[in-house]
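Below is one structure; the comments refer to it alone.
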Amino acid sequence: MSIKFFFIFFCSGFLQKPIFTKTSTAKLSFPCMPFIGVAFKKTETHVVSPNISSPSVTTGSLDAWDDEYGGVIMNSESLPMSANAFASAFQASLSNWKIKGKRGVWLKILQEQADLVPIAIQEGFNYHHAEPGFVMLTYWIPNEPCTLPASPSHQIGIAGFVINDKREVLVVKEKCPCSCSGVWKLPTGYINKSEDIFSGAIREVKEETGVDTTFLKMVAFRHAHLVAFDQSDLLFVCMLKPLSYDITIDDKEIQAAKWMPLDEFIAQPYYQDDPLSKKVIEICTAAQEDRYSGFTGHQLNSKIDGKLSYLYYDDLKNI
């Protein structure tokens with residue numbers, strides 16, 4: 001994945017890009033972070049609009065589920081398509097939610113329901129975030145500061161440090177007019193939605209160079225702010241072991257790729273002039289020489305969500 005305007009650090013040798021196996025290869029220049037949704041109990045609330053055409057017919061009802069934080073999540077699949085019906089039913093719903101002491105309202109409007117967006121904004125909803133296929137809106141009921149979680153604020157990228165037994169580093173030149181143009185750098189990119197950090201590093205290296213790798217350890221990460229679209233950015237540098245050596249570049253994004261002697265790689269003026277990039281390469285080198293342990297991934301279960309996830313830590317300390 002080639003990003004046309006990177007924070008300069010990315011260009012300094014580890015731009016961003018996102019397998020243990022071949023996962024999605026979708027390319028998004030600046031993907032949204034997955035929405036960390038509020039938990040909810042699926043208790044349906046049916047609110048009937050006062051505009052009822054006959055006593056035997058109920059129209060304009062809204063379905064919503066209670067969440068665990070005193071709010072409601074509206075059922076996007078049952079929203080009325082008529083603007084008037086939506087506005088009327090929402091006002092009736094709002095009155096009912098106020099009586100019940102509800103707080104935040106979450107409204108997911110699908111792309112095919114886009115005509116309802118201006119109506120919802122008119123009714124007092126605010127934009128929260130958007131992803132392909134929908135926009136998420138929120139409404140805060142109490143007359144007090146809103147405590148709903150903010151929209152996703154971070155992008156997550158990876159850099160793959162791959163070094164062979166000859167102390168040659170796998171490097172690429174990006175096809176981009178940015179400040180790193182012409183610089184040999186580490187393969188980089190953004191991880192995909194629901195993709196583990198180490199998997200993203202393996203995938204990006206494979207996509208850009210054709211080289212298969214396996215994850216060894218995470219050696220460092222950098223946190224920057226006000227990067228693309230004023231988002232914050234986390235870049236994780238992963239040390240990978242090559243499983244193959246033949247290079248096949250992605251010529252849509254990569255100008256060239258090769259195995260480069262470590263000393264020659266570090267000697268590039270770009271790295272000598274950039275303290276942060278230089279330090280990262282020093283850490284990677286120390287990890288390769290077993291002078292620095294880094295963090296390995298351990299899959300553990302959590303009671304928080306009942307799912308397996310990866311915890312990265314230094315397991316040489318016999319914790």
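How things are named: the first chain in the structure tokens is A, the next is B, and so on; residues count from 1 in each chain; ligands count from 1 in the order shown.
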
Using only C-alpha atoms, what table do you get, as a tab-separated table, when you list each residue of stretch 125-227 of chain A with an atom no more than 12 Å from stretch 61-72 of chain A, its nearest pair of atoms, and their distance in Å rounded to one decimal, rows by chain then rising number?
residue	atom	partner	partner_atom	distance
A:Thr138	CA	A:Val72	CA	10.1
A:Tyr139	CA	A:Gly71	CA	9.8
A:Trp140	CA	A:Gly71	CA	9.0
A:Ile141	CA	A:Gly71	CA	9.1
A:Pro142	CA	A:Gly71	CA	10.7
A:Cys146	CA	A:Gly71	CA	11.9
A:Thr147	CA	A:Tyr69	CA	10.1
A:Leu148	CA	A:Tyr69	CA	9.4
A:Pro149	CA	A:Tyr69	CA	11.2

Any chance you can output those residues with all heavy atoms as a compact mmCIF listing (two decimals), in the first residue's frame?
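This went into result21.txt:
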# COMPACT_ATOMS: atom_id res chain seq x y z
N THR A 138 -24.83 10.37 16.40
CA THR A 138 -25.16 10.27 17.83
C THR A 138 -26.04 11.43 18.26
O THR A 138 -26.02 12.52 17.65
CB THR A 138 -23.91 10.25 18.71
OG1 THR A 138 -23.18 11.47 18.51
CG2 THR A 138 -23.01 9.07 18.38
N TYR A 139 -26.80 11.18 19.32
CA TYR A 139 -27.66 12.21 19.91
C TYR A 139 -27.53 12.09 21.42
O TYR A 139 -27.68 11.00 21.98
CB TYR A 139 -29.11 11.99 19.47
CG TYR A 139 -30.07 13.09 19.88
CD1 TYR A 139 -30.47 14.05 18.97
CD2 TYR A 139 -30.58 13.15 21.18
CE1 TYR A 139 -31.35 15.07 19.34
CE2 TYR A 139 -31.45 14.15 21.55
CZ TYR A 139 -31.84 15.11 20.63
OH TYR A 139 -32.72 16.10 21.00
N TRP A 140 -27.21 13.20 22.07
CA TRP A 140 -27.03 13.20 23.52
C TRP A 140 -28.25 13.85 24.16
O TRP A 140 -28.56 15.02 23.91
CB TRP A 140 -25.76 13.94 23.89
CG TRP A 140 -25.43 13.92 25.36
CD1 TRP A 140 -25.40 14.98 26.21
CD2 TRP A 140 -25.08 12.78 26.14
NE1 TRP A 140 -25.05 14.58 27.48
CE2 TRP A 140 -24.85 13.23 27.46
CE3 TRP A 140 -24.94 11.42 25.85
CZ2 TRP A 140 -24.48 12.37 28.50
CZ3 TRP A 140 -24.58 10.56 26.89
CH2 TRP A 140 -24.35 11.03 28.19
N ILE A 141 -28.97 13.09 24.99
CA ILE A 141 -30.24 13.55 25.53
C ILE A 141 -30.09 14.45 26.76
O ILE A 141 -30.71 15.52 26.81
CB ILE A 141 -31.16 12.34 25.85
CG1 ILE A 141 -31.47 11.56 24.55
CG2 ILE A 141 -32.44 12.80 26.52
CD1 ILE A 141 -32.25 10.29 24.77
N PRO A 142 -29.32 14.09 27.78
CA PRO A 142 -29.28 14.90 29.01
C PRO A 142 -28.73 16.31 28.79
O PRO A 142 -27.94 16.55 27.88
CB PRO A 142 -28.33 14.10 29.93
CG PRO A 142 -28.27 12.74 29.36
CD PRO A 142 -28.45 12.91 27.89
N CYS A 146 -21.63 15.75 27.19
CA CYS A 146 -21.75 14.43 26.55
C CYS A 146 -20.58 13.54 26.97
O CYS A 146 -19.42 13.96 26.95
CB CYS A 146 -21.77 14.59 25.04
SG CYS A 146 -21.81 13.03 24.13
N THR A 147 -20.89 12.31 27.36
CA THR A 147 -19.85 11.35 27.75
C THR A 147 -19.74 10.18 26.78
O THR A 147 -19.11 9.17 27.10
CB THR A 147 -20.12 10.81 29.17
OG1 THR A 147 -21.41 10.16 29.20
CG2 THR A 147 -20.10 11.92 30.20
N LEU A 148 -20.34 10.31 25.61
CA LEU A 148 -20.19 9.26 24.61
C LEU A 148 -18.73 9.19 24.14
O LEU A 148 -18.05 10.23 24.08
CB LEU A 148 -21.09 9.52 23.40
CG LEU A 148 -22.59 9.43 23.63
CD1 LEU A 148 -23.35 9.84 22.37
CD2 LEU A 148 -22.99 8.02 24.05
N PRO A 149 -18.21 8.00 23.83
CA PRO A 149 -16.82 7.91 23.36
C PRO A 149 -16.62 8.67 22.06
O PRO A 149 -17.53 8.73 21.22
CB PRO A 149 -16.61 6.40 23.17
CG PRO A 149 -17.98 5.83 23.02
CD PRO A 149 -18.88 6.68 23.86

Find the spatial neighbours of stretch 249-251 of chain A, counting only C-alpha atoms, within a cut-off of 9 Å - ignore same-chain residues fewer than 5 positions away - and output them as a VMD selection string. chain A and resid 172 175 206 to 210 256 to 257

Closest contacts (stretch 184-222 of chain A/stretch 160-168 of chain A, max 8 Å, only C-alpha atoms) as CSV:
residue,atom,partner,partner_atom,distance
A:Leu186,CA,A:Gly160,CA,6.1
A:Pro187,CA,A:Gly160,CA,5.6
A:Thr188,CA,A:Gly160,CA,6.4
A:Ala201,CA,A:Gly160,CA,5.5
A:Ile202,CA,A:Gly160,CA,7.4
A:Glu204,CA,A:Gly160,CA,7.8
A:Val205,CA,A:Gly160,CA,6.5
A:Thr213,CA,A:Val162,CA,7.9

List the spatial neighbours of A:Asp212 as a compact mmCIF listing (two decimals) with N, CA, C and O atoms, in the first residue's frame - criterion: any atom at most 10 Å away, only C-alpha atoms, same-chain residues fewer than 6 positions off excluded.
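Wrote part_10.txt, looks like this:
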# COMPACT_ATOMS: atom_id res chain seq x y z
N ILE A 19 0.98 -11.15 6.91
CA ILE A 19 -0.13 -12.06 6.85
C ILE A 19 0.55 -13.24 7.42
O ILE A 19 1.66 -13.50 7.09
N PHE A 20 0.07 -13.55 8.11
CA PHE A 20 0.54 -14.87 8.40
C PHE A 20 0.16 -15.70 7.20
O PHE A 20 0.89 -16.55 6.75
N THR A 21 -1.03 -15.49 6.75
CA THR A 21 -1.53 -16.11 5.54
C THR A 21 -2.01 -14.99 4.65
O THR A 21 -2.03 -13.84 5.04
N ILE A 202 3.72 -9.22 8.02
CA ILE A 202 4.02 -10.32 7.11
C ILE A 202 3.35 -10.10 5.76
O ILE A 202 3.95 -10.30 4.70
N ARG A 203 2.11 -9.65 5.78
CA ARG A 203 1.36 -9.43 4.54
C ARG A 203 1.98 -8.32 3.70
O ARG A 203 2.15 -8.44 2.48
N VAL A 205 5.05 -7.12 3.67
CA VAL A 205 6.33 -7.53 3.07
C VAL A 205 6.08 -8.43 1.86
O VAL A 205 6.72 -8.27 0.81
N LYS A 206 5.15 -9.34 2.00
CA LYS A 206 4.82 -10.24 0.89
C LYS A 206 4.27 -9.47 -0.31
O LYS A 206 4.67 -9.71 -1.46
N LEU A 240 11.18 -9.63 11.24
CA LEU A 240 10.67 -10.82 10.57
C LEU A 240 11.83 -11.67 10.06
O LEU A 240 12.88 -11.14 9.67
N LYS A 241 11.62 -12.98 10.05
CA LYS A 241 12.63 -13.90 9.51
C LYS A 241 12.23 -14.31 8.10
O LYS A 241 11.10 -14.75 7.87
N PRO A 242 13.14 -14.17 7.11
CA PRO A 242 12.77 -14.56 5.75
C PRO A 242 12.64 -16.07 5.59
O PRO A 242 13.45 -16.83 6.12
N LEU A 243 11.61 -16.48 4.89
CA LEU A 243 11.41 -17.90 4.55
C LEU A 243 11.69 -18.14 3.07
O LEU A 243 11.78 -19.29 2.64
N SER A 244 11.77 -17.07 2.30
CA SER A 244 12.15 -17.15 0.89
C SER A 244 13.00 -15.92 0.59
O SER A 244 13.07 -14.99 1.39
N TYR A 245 13.64 -15.93 -0.59
CA TYR A 245 14.61 -14.86 -0.86
C TYR A 245 14.41 -14.21 -2.23
O TYR A 245 14.93 -13.11 -2.46
N ASP A 246 13.69 -14.86 -3.12
CA ASP A 246 13.46 -14.28 -4.44
C ASP A 246 12.48 -13.11 -4.33
O ASP A 246 11.47 -13.19 -3.64
N ILE A 247 12.80 -12.03 -5.03
CA ILE A 247 12.00 -10.80 -4.94
C ILE A 247 11.13 -10.63 -6.17
O ILE A 247 11.59 -10.77 -7.31

Hey, which of A:Pro118, A:Gln113, A:Ala150, A:Ser302 ends up closest to A:Gly133? Count only C-alpha atoms.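 Among the listed residues, the smallest separation from A:Gly133 belongs to A:Gln113.
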
Taking only stretch 80-304 of chain A into account, list the residues labelled helix (DSSP H, G or I) by DSSP (computed from the backbone), as a PyMOL selection string. chain A and resi 83-99+111-113+116-122+197-209+228-230+262-266+269-272+275-288

Looking only at the backbone, which of the residues in stretch 209-296 of chain A does DSSP tag as strand (DSSP E), as a count of residues only? 32

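Those residues that approach A:Phe221 to within 6 Å, counting only C-alpha atoms, are Leu235, Phe236 and Val237 of chain A; same-chain residues fewer than 6 positions away are not listed.
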
Which neighbours of A:Asp315 fall inside 9 Å, counting only C-alpha atoms, when residues of the same chain fewer than 5 positions from it are skipped, and could you give them as a list in words? Ser293, Gly294, Phe295 and Thr296 of chain A

Atoms kept (all heavy atoms) for selection, written as a compact mmCIF listing (two decimals), in the first residue's frame:
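Dumped to result_36.txt:
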# COMPACT_ATOMS: atom_id res chain seq x y z
N SER A 293 15.88 -7.66 23.40
CA SER A 293 14.92 -8.77 23.29
C SER A 293 13.65 -8.42 22.54
O SER A 293 13.09 -9.25 21.83
CB SER A 293 14.56 -9.28 24.69
OG SER A 293 14.07 -8.23 25.50
N GLY A 294 13.16 -7.19 22.68
CA GLY A 294 11.91 -6.84 22.01
C GLY A 294 10.71 -7.51 22.65
O GLY A 294 10.78 -8.06 23.76
N PHE A 295 9.60 -7.49 21.93
CA PHE A 295 8.34 -8.04 22.45
C PHE A 295 7.81 -9.13 21.52
O PHE A 295 7.68 -8.90 20.31
CB PHE A 295 7.29 -6.94 22.59
CG PHE A 295 7.70 -5.83 23.52
CD1 PHE A 295 8.37 -4.72 23.04
CD2 PHE A 295 7.43 -5.92 24.88
CE1 PHE A 295 8.76 -3.70 23.90
CE2 PHE A 295 7.81 -4.91 25.74
CZ PHE A 295 8.48 -3.80 25.26
N THR A 296 7.51 -10.28 22.08
CA THR A 296 6.91 -11.36 21.30
C THR A 296 5.41 -11.43 21.59
O THR A 296 4.94 -10.97 22.64
CB THR A 296 7.56 -12.71 21.61
OG1 THR A 296 7.53 -12.93 23.03
CG2 THR A 296 9.01 -12.72 21.15

Tell me which protein, DNA and RNA residues are within 6 Å of A:Gly157, counting only C-alpha atoms, leaving out same-chain ones fewer than 2 positions away, and put them as a ChimeraX atom specification. /A:16,189-191,235

Enter the distance from atom CA of A:Leu234 to atom CA of A:Ser153, in Å, rounded to one decimal.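 Result for atom CA of A:Leu234 versus atom CA of A:Ser153: 10.5 Å, one decimal.
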